[in-house]
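What's in work_14.pdb: PDB, C-alpha atoms and all ligand atoms
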ATOM      1  CA  MET O   1     -16.151  11.796   1.153  1.00  0.00           C
ATOM      2  CA  ARG O   2     -13.475   9.109   0.980  1.00  0.00           C
ATOM      3  CA  ARG O   3     -12.928   7.097   4.142  1.00  0.00           C
ATOM      4  CA  LYS O   4      -9.293   7.225   5.221  1.00  0.00           C
ATOM      5  CA  TRP O   5      -7.121   4.094   5.009  1.00  0.00           C
ATOM      6  CA  VAL O   6      -3.991   3.334   7.047  1.00  0.00           C
ATOM      7  CA  GLY O   7      -1.830   0.261   6.474  1.00  0.00           C
ATOM      8  CA  GLY O   8       1.157  -1.044   8.395  1.00  0.00           C
ATOM      9  CA  ASN O   9       3.842  -2.767   6.308  1.00  0.00           C
ATOM     10  CA  TRP O  10       6.013  -4.708   8.732  1.00  0.00           C
ATOM     11  CA  LYS O  11       8.468  -5.794   6.025  1.00  0.00           C
ATOM     12  CA  MET O  12      10.847  -8.553   7.236  1.00  0.00           C
ATOM     13  CA  HIS O  13      10.823  -7.494  10.871  1.00  0.00           C
ATOM     14  CA  GLY O  14       9.830  -9.075  14.127  1.00  0.00           C
ATOM     15  CA  SER O  15       8.946 -12.526  15.362  1.00  0.00           C
ATOM     16  CA  ARG O  16       5.820 -14.547  15.912  1.00  0.00           C
ATOM     17  CA  ALA O  17       5.541 -13.158  19.450  1.00  0.00           C
ATOM     18  CA  MET O  18       5.944  -9.579  18.251  1.00  0.00           C
ATOM     19  CA  ALA O  19       3.394 -10.069  15.461  1.00  0.00           C
ATOM     20  CA  SER O  20       0.885 -11.459  17.910  1.00  0.00           C
ATOM     21  CA  ALA O  21       1.398  -8.621  20.419  1.00  0.00           C
ATOM     22  CA  LEU O  22       1.188  -5.954  17.716  1.00  0.00           C
ATOM     23  CA  VAL O  23      -1.974  -7.338  16.138  1.00  0.00           C
ATOM     24  CA  GLY O  24      -3.519  -7.789  19.586  1.00  0.00           C
ATOM     25  CA  ALA O  25      -2.884  -4.139  20.487  1.00  0.00           C
ATOM     26  CA  ILE O  26      -4.310  -2.897  17.172  1.00  0.00           C
ATOM     27  CA  VAL O  27      -7.463  -5.015  17.428  1.00  0.00           C
ATOM     28  CA  GLU O  28      -7.954  -3.906  21.021  1.00  0.00           C
ATOM     29  CA  ALA O  29      -7.638  -0.229  20.134  1.00  0.00           C
ATOM     30  CA  LYS O  30     -10.893   0.040  18.144  1.00  0.00           C
ATOM     31  CA  THR O  31      -9.858   2.145  15.166  1.00  0.00           C
ATOM     32  CA  ASP O  32     -13.343   2.117  13.653  1.00  0.00           C
ATOM     33  CA  THR O  33     -13.324   5.582  12.110  1.00  0.00           C
ATOM     34  CA  VAL O  34     -10.613   4.596   9.633  1.00  0.00           C
ATOM     35  CA  ASP O  35      -9.953   1.493   7.499  1.00  0.00           C
ATOM     36  CA  VAL O  36      -6.895  -0.232   8.960  1.00  0.00           C
ATOM     37  CA  ALA O  37      -4.797  -2.978   7.383  1.00  0.00           C
ATOM     38  CA  VAL O  38      -1.703  -4.811   8.592  1.00  0.00           C
ATOM     39  CA  PHE O  39       0.857  -6.554   6.365  1.00  0.00           C
ATOM     40  CA  PRO O  40       2.882  -9.024   8.480  1.00  0.00           C
ATOM     41  CA  PRO O  41       5.480 -11.387   6.988  1.00  0.00           C
ATOM     42  CA  PHE O  42       3.922 -14.473   5.315  1.00  0.00           C
ATOM     43  CA  PRO O  43       4.539 -16.977   8.162  1.00  0.00           C
ATOM     44  CA  TYR O  44       2.508 -14.825  10.572  1.00  0.00           C
ATOM     45  CA  LEU O  45      -0.494 -14.220   8.322  1.00  0.00           C
ATOM     46  CA  ARG O  46      -2.617 -17.127   9.490  1.00  0.00           C
ATOM     47  CA  GLU O  47      -2.442 -16.161  13.150  1.00  0.00           C
ATOM     48  CA  ALA O  48      -2.943 -12.489  12.353  1.00  0.00           C
ATOM     49  CA  CYS O  49      -6.064 -13.338  10.336  1.00  0.00           C
ATOM     50  CA  ALA O  50      -7.428 -15.387  13.226  1.00  0.00           C
ATOM     51  CA  ALA O  51      -6.739 -12.553  15.681  1.00  0.00           C
ATOM     52  CA  CYS O  52      -8.440  -9.995  13.422  1.00  0.00           C
ATOM     53  CA  ALA O  53     -11.494 -12.132  12.655  1.00  0.00           C
ATOM     54  CA  GLY O  54     -14.605 -10.274  13.779  1.00  0.00           C
ATOM     55  CA  SER O  55     -12.808  -6.915  13.762  1.00  0.00           C
ATOM     56  CA  ARG O  56     -12.614  -4.370  10.930  1.00  0.00           C
ATOM     57  CA  ILE O  57      -8.837  -4.817  10.630  1.00  0.00           C
ATOM     58  CA  ALA O  58      -7.789  -6.271   7.280  1.00  0.00           C
ATOM     59  CA  VAL O  59      -4.745  -8.516   7.034  1.00  0.00           C
ATOM     60  CA  GLY O  60      -2.671  -8.694   3.876  1.00  0.00           C
ATOM     61  CA  GLY O  61       0.405 -10.171   2.227  1.00  0.00           C
ATOM     62  CA  GLN O  62       3.364  -7.952   1.377  1.00  0.00           C
ATOM     63  CA  ASP O  63       3.513  -9.446  -2.104  1.00  0.00           C
ATOM     64  CA  VAL O  64       1.645 -11.909  -4.306  1.00  0.00           C
ATOM     65  CA  SER O  65       2.533 -14.020  -7.314  1.00  0.00           C
ATOM     66  CA  GLU O  66       1.492 -12.844 -10.735  1.00  0.00           C
ATOM     67  CA  HIS O  67       0.683 -16.488 -11.522  1.00  0.00           C
ATOM     68  CA  GLU O  68      -2.416 -18.450 -10.596  1.00  0.00           C
ATOM     69  CA  SER O  69      -0.523 -21.561  -9.386  1.00  0.00           C
ATOM     70  CA  GLY O  70       2.229 -23.919 -10.465  1.00  0.00           C
ATOM     71  CA  ALA O  71       5.970 -24.480 -10.390  1.00  0.00           C
ATOM     72  CA  PHE O  72       7.032 -21.107  -8.964  1.00  0.00           C
ATOM     73  CA  THR O  73       9.169 -22.013  -5.955  1.00  0.00           C
ATOM     74  CA  GLY O  74       9.011 -19.437  -3.203  1.00  0.00           C
ATOM     75  CA  GLU O  75       5.928 -17.682  -4.545  1.00  0.00           C
ATOM     76  CA  VAL O  76       2.600 -17.274  -2.774  1.00  0.00           C
ATOM     77  CA  SER O  77      -0.603 -17.063  -4.794  1.00  0.00           C
ATOM     78  CA  ALA O  78      -3.578 -14.769  -4.332  1.00  0.00           C
ATOM     79  CA  ALA O  79      -5.779 -17.825  -3.798  1.00  0.00           C
ATOM     80  CA  MET O  80      -3.500 -18.935  -0.933  1.00  0.00           C
ATOM     81  CA  LEU O  81      -3.644 -15.518   0.701  1.00  0.00           C
ATOM     82  CA  ARG O  82      -7.421 -15.615   0.457  1.00  0.00           C
ATOM     83  CA  ASP O  83      -7.462 -19.184   1.770  1.00  0.00           C
ATOM     84  CA  VAL O  84      -5.771 -18.178   5.037  1.00  0.00           C
ATOM     85  CA  GLY O  85      -8.139 -15.232   5.513  1.00  0.00           C
ATOM     86  CA  CYS O  86      -6.350 -12.258   3.964  1.00  0.00           C
ATOM     87  CA  GLY O  87      -8.437  -9.434   2.579  1.00  0.00           C
ATOM     88  CA  THR O  88      -5.733  -7.342   0.963  1.00  0.00           C
ATOM     89  CA  VAL O  89      -2.219  -7.401  -0.497  1.00  0.00           C
ATOM     90  CA  LEU O  90       0.568  -5.010  -1.478  1.00  0.00           C
ATOM     91  CA  ALA O  91       1.606  -4.951  -5.140  1.00  0.00           C
ATOM     92  CA  GLY O  92       4.634  -3.195  -6.562  1.00  0.00           C
ATOM     93  CA  HIS O  93       6.224  -1.997  -3.342  1.00  0.00           C
ATOM     94  CA  SER O  94       9.423  -0.166  -4.311  1.00  0.00           C
ATOM     95  CA  GLU O  95      11.543  -2.755  -2.480  1.00  0.00           C
ATOM     96  CA  ARG O  96      10.054  -5.411  -4.778  1.00  0.00           C
ATOM     97  CA  ARG O  97      10.533  -3.243  -7.856  1.00  0.00           C
ATOM     98  CA  GLN O  98      14.099  -2.395  -6.827  1.00  0.00           C
ATOM     99  CA  TYR O  99      15.504  -5.635  -5.368  1.00  0.00           C
ATOM    100  CA  HIS O 100      13.416  -8.142  -7.321  1.00  0.00           C
ATOM    101  CA  HIS O 101      13.267  -6.177 -10.561  1.00  0.00           C
ATOM    102  CA  GLU O 102       9.503  -6.345 -10.788  1.00  0.00           C
ATOM    103  CA  SER O 103       8.352  -4.665 -13.972  1.00  0.00           C
ATOM    104  CA  ASP O 104       5.220  -2.566 -14.415  1.00  0.00           C
ATOM    105  CA  GLY O 105       3.718  -5.483 -16.349  1.00  0.00           C
ATOM    106  CA  GLN O 106       4.362  -7.946 -13.520  1.00  0.00           C
ATOM    107  CA  VAL O 107       2.916  -5.536 -10.973  1.00  0.00           C
ATOM    108  CA  ALA O 108      -0.202  -5.157 -13.114  1.00  0.00           C
ATOM    109  CA  ALA O 109      -0.524  -8.962 -13.330  1.00  0.00           C
ATOM    110  CA  LYS O 110      -0.216  -9.172  -9.518  1.00  0.00           C
ATOM    111  CA  VAL O 111      -2.992  -6.609  -9.124  1.00  0.00           C
ATOM    112  CA  ALA O 112      -5.141  -8.635 -11.529  1.00  0.00           C
ATOM    113  CA  GLN O 113      -4.512 -11.837  -9.540  1.00  0.00           C
ATOM    114  CA  ALA O 114      -5.480 -10.089  -6.312  1.00  0.00           C
ATOM    115  CA  LEU O 115      -8.700  -8.790  -7.860  1.00  0.00           C
ATOM    116  CA  THR O 116      -9.589 -12.203  -9.283  1.00  0.00           C
ATOM    117  CA  HIS O 117      -9.349 -13.696  -5.804  1.00  0.00           C
ATOM    118  CA  GLY O 118     -11.263 -10.985  -3.969  1.00  0.00           C
ATOM    119  CA  LEU O 119      -8.287  -9.262  -2.352  1.00  0.00           C
ATOM    120  CA  THR O 120      -7.994  -5.457  -2.226  1.00  0.00           C
ATOM    121  CA  PRO O 121      -4.740  -4.647  -4.021  1.00  0.00           C
ATOM    122  CA  VAL O 122      -2.677  -1.796  -2.638  1.00  0.00           C
ATOM    123  CA  LEU O 123      -0.818  -0.607  -5.721  1.00  0.00           C
ATOM    124  CA  CYS O 124       2.441   1.155  -4.798  1.00  0.00           C
ATOM    125  CA  VAL O 125       3.928   3.715  -7.160  1.00  0.00           C
ATOM    126  CA  GLY O 126       6.739   6.213  -6.690  1.00  0.00           C
ATOM    127  CA  GLU O 127       9.833   7.736  -8.196  1.00  0.00           C
ATOM    128  CA  THR O 128      13.485   7.453  -7.113  1.00  0.00           C
ATOM    129  CA  LEU O 129      15.537  10.471  -6.112  1.00  0.00           C
ATOM    130  CA  ASP O 130      17.376  10.423  -9.446  1.00  0.00           C
ATOM    131  CA  GLU O 131      14.078  10.385 -11.317  1.00  0.00           C
ATOM    132  CA  ARG O 132      12.751  13.302  -9.255  1.00  0.00           C
ATOM    133  CA  ASP O 133      15.955  15.303  -9.589  1.00  0.00           C
ATOM    134  CA  GLY O 134      15.935  14.565 -13.323  1.00  0.00           C
ATOM    135  CA  GLY O 135      12.445  16.060 -13.663  1.00  0.00           C
ATOM    136  CA  ARG O 136      10.881  12.680 -14.400  1.00  0.00           C
ATOM    137  CA  MET O 137       8.601  12.234 -11.381  1.00  0.00           C
ATOM    138  CA  ALA O 138       5.333  12.719 -13.310  1.00  0.00           C
ATOM    139  CA  GLU O 139       6.421  10.477 -16.176  1.00  0.00           C
ATOM    140  CA  VAL O 140       7.412   7.633 -13.799  1.00  0.00           C
ATOM    141  CA  VAL O 141       4.340   7.589 -11.556  1.00  0.00           C
ATOM    142  CA  SER O 142       2.040   8.012 -14.533  1.00  0.00           C
ATOM    143  CA  ARG O 143       3.723   5.081 -16.335  1.00  0.00           C
ATOM    144  CA  GLN O 144       3.384   2.880 -13.209  1.00  0.00           C
ATOM    145  CA  LEU O 145      -0.287   3.767 -12.722  1.00  0.00           C
ATOM    146  CA  GLY O 146      -0.999   3.594 -16.460  1.00  0.00           C
ATOM    147  CA  ALA O 147       0.271   0.003 -16.691  1.00  0.00           C
ATOM    148  CA  VAL O 148      -2.382  -1.108 -14.188  1.00  0.00           C
ATOM    149  CA  ILE O 149      -5.160   0.928 -15.820  1.00  0.00           C
ATOM    150  CA  ALA O 150      -4.237  -0.648 -19.176  1.00  0.00           C
ATOM    151  CA  HIS O 151      -4.116  -4.196 -17.788  1.00  0.00           C
ATOM    152  CA  CYS O 152      -7.024  -4.190 -15.319  1.00  0.00           C
ATOM    153  CA  GLY O 153      -9.275  -1.410 -16.638  1.00  0.00           C
ATOM    154  CA  ILE O 154     -10.381   1.756 -14.883  1.00  0.00           C
ATOM    155  CA  VAL O 155     -13.379   0.079 -13.201  1.00  0.00           C
ATOM    156  CA  ALA O 156     -10.936  -2.085 -11.223  1.00  0.00           C
ATOM    157  CA  PHE O 157      -9.972   1.083  -9.338  1.00  0.00           C
ATOM    158  CA  GLU O 158     -13.257   0.832  -7.457  1.00  0.00           C
ATOM    159  CA  ARG O 159     -11.429  -1.928  -5.547  1.00  0.00           C
ATOM    160  CA  ILE O 160      -7.814  -0.739  -5.612  1.00  0.00           C
ATOM    161  CA  VAL O 161      -6.026   1.454  -3.073  1.00  0.00           C
ATOM    162  CA  VAL O 162      -3.182   3.445  -4.644  1.00  0.00           C
ATOM    163  CA  ALA O 163      -0.147   4.215  -2.457  1.00  0.00           C
ATOM    164  CA  TYR O 164       2.185   6.991  -3.567  1.00  0.00           C
ATOM    165  CA  GLU O 165       5.539   6.131  -2.029  1.00  0.00           C
ATOM    166  CA  PRO O 166       8.451   8.257  -3.215  1.00  0.00           C
ATOM    167  CA  VAL O 167      11.401   5.858  -3.007  1.00  0.00           C
ATOM    168  CA  TRP O 168      13.618   8.597  -1.563  1.00  0.00           C
ATOM    169  CA  ALA O 169      11.301   8.929   1.427  1.00  0.00           C
ATOM    170  CA  ILE O 170      10.938   5.243   2.354  1.00  0.00           C
ATOM    171  CA  GLY O 171      12.810   4.330   5.505  1.00  0.00           C
ATOM    172  CA  THR O 172      15.053   7.365   5.104  1.00  0.00           C
ATOM    173  CA  GLY O 173      13.451   9.677   7.635  1.00  0.00           C
ATOM    174  CA  ARG O 174      13.032  12.141   4.756  1.00  0.00           C
ATOM    175  CA  THR O 175       9.303  12.734   4.272  1.00  0.00           C
ATOM    176  CA  ALA O 176       7.791  14.415   1.241  1.00  0.00           C
ATOM    177  CA  SER O 177       6.381  17.746   2.353  1.00  0.00           C
ATOM    178  CA  PRO O 178       2.583  17.820   2.432  1.00  0.00           C
ATOM    179  CA  ALA O 179       2.659  20.080  -0.649  1.00  0.00           C
ATOM    180  CA  GLN O 180       5.028  17.755  -2.554  1.00  0.00           C
ATOM    181  CA  ALA O 181       2.883  14.729  -1.747  1.00  0.00           C
ATOM    182  CA  GLN O 182      -0.359  16.553  -2.564  1.00  0.00           C
ATOM    183  CA  GLU O 183       1.018  17.567  -5.963  1.00  0.00           C
ATOM    184  CA  VAL O 184       1.652  13.922  -6.910  1.00  0.00           C
ATOM    185  CA  HIS O 185      -1.650  12.678  -5.455  1.00  0.00           C
ATOM    186  CA  ALA O 186      -3.503  15.285  -7.524  1.00  0.00           C
ATOM    187  CA  LEU O 187      -1.599  14.156 -10.635  1.00  0.00           C
ATOM    188  CA  LEU O 188      -2.515  10.525 -10.021  1.00  0.00           C
ATOM    189  CA  ARG O 189      -6.145  11.425  -9.405  1.00  0.00           C
ATOM    190  CA  SER O 190      -6.328  13.475 -12.582  1.00  0.00           C
ATOM    191  CA  GLN O 191      -4.856  10.556 -14.536  1.00  0.00           C
ATOM    192  CA  LEU O 192      -7.652   8.331 -13.188  1.00  0.00           C
ATOM    193  CA  ALA O 193     -10.186  11.098 -13.904  1.00  0.00           C
ATOM    194  CA  SER O 194      -9.178  11.258 -17.540  1.00  0.00           C
ATOM    195  CA  ASP O 195     -10.682   7.748 -17.797  1.00  0.00           C
ATOM    196  CA  ASP O 196     -13.510   8.065 -15.272  1.00  0.00           C
ATOM    197  CA  ALA O 197     -14.165  11.076 -13.042  1.00  0.00           C
ATOM    198  CA  ARG O 198     -16.491   9.224 -10.673  1.00  0.00           C
ATOM    199  CA  ILE O 199     -13.990   6.455 -10.017  1.00  0.00           C
ATOM    200  CA  ALA O 200     -11.176   8.996  -9.608  1.00  0.00           C
ATOM    201  CA  GLY O 201     -13.257  10.773  -6.980  1.00  0.00           C
ATOM    202  CA  SER O 202     -13.727   7.644  -4.913  1.00  0.00           C
ATOM    203  CA  THR O 203     -10.307   5.943  -5.236  1.00  0.00           C
ATOM    204  CA  ARG O 204      -8.214   6.128  -2.075  1.00  0.00           C
ATOM    205  CA  ILE O 205      -4.719   7.458  -2.791  1.00  0.00           C
ATOM    206  CA  VAL O 206      -2.578   7.121   0.329  1.00  0.00           C
ATOM    207  CA  TYR O 207       0.918   8.426   1.041  1.00  0.00           C
ATOM    208  CA  GLY O 208       3.872   6.363   2.267  1.00  0.00           C
ATOM    209  CA  GLY O 209       7.396   7.434   3.159  1.00  0.00           C
ATOM    210  CA  SER O 210       8.575   8.133   6.699  1.00  0.00           C
ATOM    211  CA  VAL O 211       5.103   8.916   8.041  1.00  0.00           C
ATOM    212  CA  LYS O 212       5.345   9.367  11.820  1.00  0.00           C
ATOM    213  CA  PRO O 213       2.926  10.447  14.548  1.00  0.00           C
ATOM    214  CA  GLY O 214       4.387  13.958  14.291  1.00  0.00           C
ATOM    215  CA  ASN O 215       3.775  14.508  10.563  1.00  0.00           C
ATOM    216  CA  ALA O 216       0.732  12.329   9.840  1.00  0.00           C
ATOM    217  CA  ALA O 217      -2.025  14.864  10.553  1.00  0.00           C
ATOM    218  CA  GLU O 218      -0.589  17.504   8.232  1.00  0.00           C
ATOM    219  CA  LEU O 219      -0.116  14.992   5.402  1.00  0.00           C
ATOM    220  CA  PHE O 220      -3.590  13.507   5.847  1.00  0.00           C
ATOM    221  CA  ALA O 221      -5.164  16.984   5.836  1.00  0.00           C
ATOM    222  CA  GLN O 222      -4.241  17.442   2.150  1.00  0.00           C
ATOM    223  CA  ALA O 223      -7.186  17.287  -0.227  1.00  0.00           C
ATOM    224  CA  ASP O 224      -6.006  14.232  -2.163  1.00  0.00           C
ATOM    225  CA  ILE O 225      -4.231  12.285   0.602  1.00  0.00           C
ATOM    226  CA  ASP O 226      -6.540   9.588   1.905  1.00  0.00           C
ATOM    227  CA  GLY O 227      -4.344   8.053   4.570  1.00  0.00           C
ATOM    228  CA  GLY O 228      -0.969   6.352   4.709  1.00  0.00           C
ATOM    229  CA  LEU O 229       1.087   3.240   4.153  1.00  0.00           C
ATOM    230  CA  ILE O 230       3.397   3.062   7.132  1.00  0.00           C
ATOM    231  CA  GLY O 231       6.666   1.129   7.445  1.00  0.00           C
ATOM    232  CA  GLY O 232       8.972   1.858  10.385  1.00  0.00           C
ATOM    233  CA  ALA O 233       6.321   3.507  12.561  1.00  0.00           C
ATOM    234  CA  ALA O 234       4.017   0.503  12.109  1.00  0.00           C
ATOM    235  CA  LEU O 235       6.278  -1.640  14.283  1.00  0.00           C
ATOM    236  CA  GLN O 236       5.307   0.185  17.479  1.00  0.00           C
ATOM    237  CA  ALA O 237       1.642  -0.112  18.392  1.00  0.00           C
ATOM    238  CA  THR O 238       1.530   3.325  20.027  1.00  0.00           C
ATOM    239  CA  ASP O 239       3.025   5.064  16.977  1.00  0.00           C
ATOM    240  CA  PHE O 240       0.858   3.176  14.505  1.00  0.00           C
ATOM    241  CA  LEU O 241      -2.278   3.832  16.522  1.00  0.00           C
ATOM    242  CA  SER O 242      -1.538   7.520  16.847  1.00  0.00           C
ATOM    243  CA  ILE O 243      -1.123   7.662  13.036  1.00  0.00           C
ATOM    244  CA  CYS O 244      -4.509   5.907  12.720  1.00  0.00           C
ATOM    245  CA  ALA O 245      -5.976   8.493  15.104  1.00  0.00           C
ATOM    246  CA  ALA O 246      -4.547  11.305  12.943  1.00  0.00           C
ATOM    247  CA  ALA O 247      -6.400   9.794   9.976  1.00  0.00           C
ATOM    248  CA  GLY O 248      -9.659   9.301  11.868  1.00  0.00           C
TER     249      GLY O 248
HETATM  250  C1  LIG B   1       6.943   1.432   3.415  1.00  0.00           C
HETATM  251  O1  LIG B   1       7.694   0.498   3.609  1.00  0.00           O
HETATM  252  O2  LIG B   1       5.982   1.267   2.645  1.00  0.00           O
HETATM  253  C2  LIG B   1       7.212   2.704   4.074  1.00  0.00           C
HETATM  254  C3  LIG B   1       6.488   3.736   3.749  1.00  0.00           C
HETATM  255  O3  LIG B   1       8.219   2.712   5.007  1.00  0.00           O
HETATM  256  P1  LIG B   1       8.609   3.916   6.023  1.00  0.00           P
HETATM  257  O4  LIG B   1       7.321   4.400   6.643  1.00  0.00           O
HETATM  258  O5  LIG B   1       9.524   3.303   7.018  1.00  0.00           O
HETATM  259  O6  LIG B   1       9.252   4.982   5.202  1.00  0.00           O
END

Step by step, read the file and then write its structure as structure tokens.
Ligand code: PEP
Amino acid sequence: MRRKWVGGNWKMHGSRAMASALVGAIVEAKTDTVDVAVFPPFPYLREACAACAGSRIAVGGQDVSEHESGAFTGEVSAAMLRDVGCGTVLAGHSERRQYHHESDGQVAAKVAQALTHGLTPVLCVGETLDERDGGRMAEVVSRQLGAVIAHCGIVAFERIVVAYEPVWAIGTGRTASPAQAQEVHALLRSQLASDDARIAGSTRIVYGGSVKPGNAAELFAQADIDGGLIGGAALQATDFLSICAAAG
């Protein structure tokens, strides 16, 4: 039985005061039946880590450099995230792939950096609307997942959370139906299983894309959906916590 995982990606929203209030409310709520992670903007990570110390809430960066260290202005390394107390990090979020042109190879290198430094990578994959309408959904998500399997090896998936995030459902209010999401999660799991059935059976594959308190339970009830990566609804403690409750 896979333990459910729910993460809140705050993107570039909020303020120091909001981050502190949000983390405080989540820590207070005792969400022990589910693994919970929060992904505040970089400047708020240190305080969030301090507030979550001693709780089961993991704190993570929204991105990480593919490089170990060096002259990469504006980048943040996996070692730095670890140094301030992070336990996890997003890799390959569609907004990074889309606006920063991150390639599958770069995303795989980011996942490898995270693993090297003891962070749980949350590998985001997902197709655009054009790709889905063009009948290329399976090819795209399988290519994105395959790049990380090829670079990091299947055993790495003992420590990776996979997030299926159809780009057309992120921040659009248009959620994949539970059946649509389940179909892709099953595809991803069978791709992992073709390398190692045991690892495929234990890897958490979570869904992201306009998850709200009203649709979370039905999505999380699907056989291969092990929780959610939440954007907009993670900015309100009550919404985020009711999504966590739907997973628990
Ligand atoms: C996300 O940013 O990863 C996300 C899923 O956003 P939203 O829930 O707002 O669609």

The PyMOL selection byres (((not hetatm)) within 9 of (chain B and resi 1)) applied to the shown file, residues as a PDB file with C-alpha atoms, in the frame of the given file:
ATOM      1  CA  GLY O   7      -1.830   0.261   6.474  1.00  0.00           C
ATOM      2  CA  GLY O   8       1.157  -1.044   8.395  1.00  0.00           C
ATOM      3  CA  ASN O   9       3.842  -2.767   6.308  1.00  0.00           C
ATOM      4  CA  TRP O  10       6.013  -4.708   8.732  1.00  0.00           C
ATOM      5  CA  LYS O  11       8.468  -5.794   6.025  1.00  0.00           C
ATOM      6  CA  HIS O  93       6.224  -1.997  -3.342  1.00  0.00           C
ATOM      7  CA  SER O  94       9.423  -0.166  -4.311  1.00  0.00           C
ATOM      8  CA  GLU O  95      11.543  -2.755  -2.480  1.00  0.00           C
ATOM      9  CA  CYS O 124       2.441   1.155  -4.798  1.00  0.00           C
ATOM     10  CA  ALA O 163      -0.147   4.215  -2.457  1.00  0.00           C
ATOM     11  CA  GLU O 165       5.539   6.131  -2.029  1.00  0.00           C
ATOM     12  CA  PRO O 166       8.451   8.257  -3.215  1.00  0.00           C
ATOM     13  CA  VAL O 167      11.401   5.858  -3.007  1.00  0.00           C
ATOM     14  CA  TRP O 168      13.618   8.597  -1.563  1.00  0.00           C
ATOM     15  CA  ALA O 169      11.301   8.929   1.427  1.00  0.00           C
ATOM     16  CA  ILE O 170      10.938   5.243   2.354  1.00  0.00           C
ATOM     17  CA  GLY O 171      12.810   4.330   5.505  1.00  0.00           C
ATOM     18  CA  THR O 172      15.053   7.365   5.104  1.00  0.00           C
ATOM     19  CA  GLY O 173      13.451   9.677   7.635  1.00  0.00           C
ATOM     20  CA  ARG O 174      13.032  12.141   4.756  1.00  0.00           C
ATOM     21  CA  THR O 175       9.303  12.734   4.272  1.00  0.00           C
ATOM     22  CA  TYR O 207       0.918   8.426   1.041  1.00  0.00           C
ATOM     23  CA  GLY O 208       3.872   6.363   2.267  1.00  0.00           C
ATOM     24  CA  GLY O 209       7.396   7.434   3.159  1.00  0.00           C
ATOM     25  CA  SER O 210       8.575   8.133   6.699  1.00  0.00           C
ATOM     26  CA  VAL O 211       5.103   8.916   8.041  1.00  0.00           C
ATOM     27  CA  LYS O 212       5.345   9.367  11.820  1.00  0.00           C
ATOM     28  CA  GLY O 228      -0.969   6.352   4.709  1.00  0.00           C
ATOM     29  CA  LEU O 229       1.087   3.240   4.153  1.00  0.00           C
ATOM     30  CA  ILE O 230       3.397   3.062   7.132  1.00  0.00           C
ATOM     31  CA  GLY O 231       6.666   1.129   7.445  1.00  0.00           C
ATOM     32  CA  GLY O 232       8.972   1.858  10.385  1.00  0.00           C
ATOM     33  CA  ALA O 233       6.321   3.507  12.561  1.00  0.00           C
ATOM     34  CA  ALA O 234       4.017   0.503  12.109  1.00  0.00           C
TER      35      ALA O 234
END

Residue with smallest distance to O:Val140 - pool O:Ala37, O:Ala245, O:Leu187, O:Val59, counting all atoms listed in the file:
O:Leu187

Separation of atom CA of O:Gln98 from atom CA of O:Val125, in Å and rounded to one decimal
11.9 Å

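Using all atoms listed in the file for every distance, the candidate list O:Gly146, O:Gly248, O:Pro121, O:Gly105 yields O:Gly248 as the residue closest to O:Ala217.
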
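With atom CA of O:Ala223 on one side and atom CA of O:Tyr164 on the other, the separation reads 14.3 Å.
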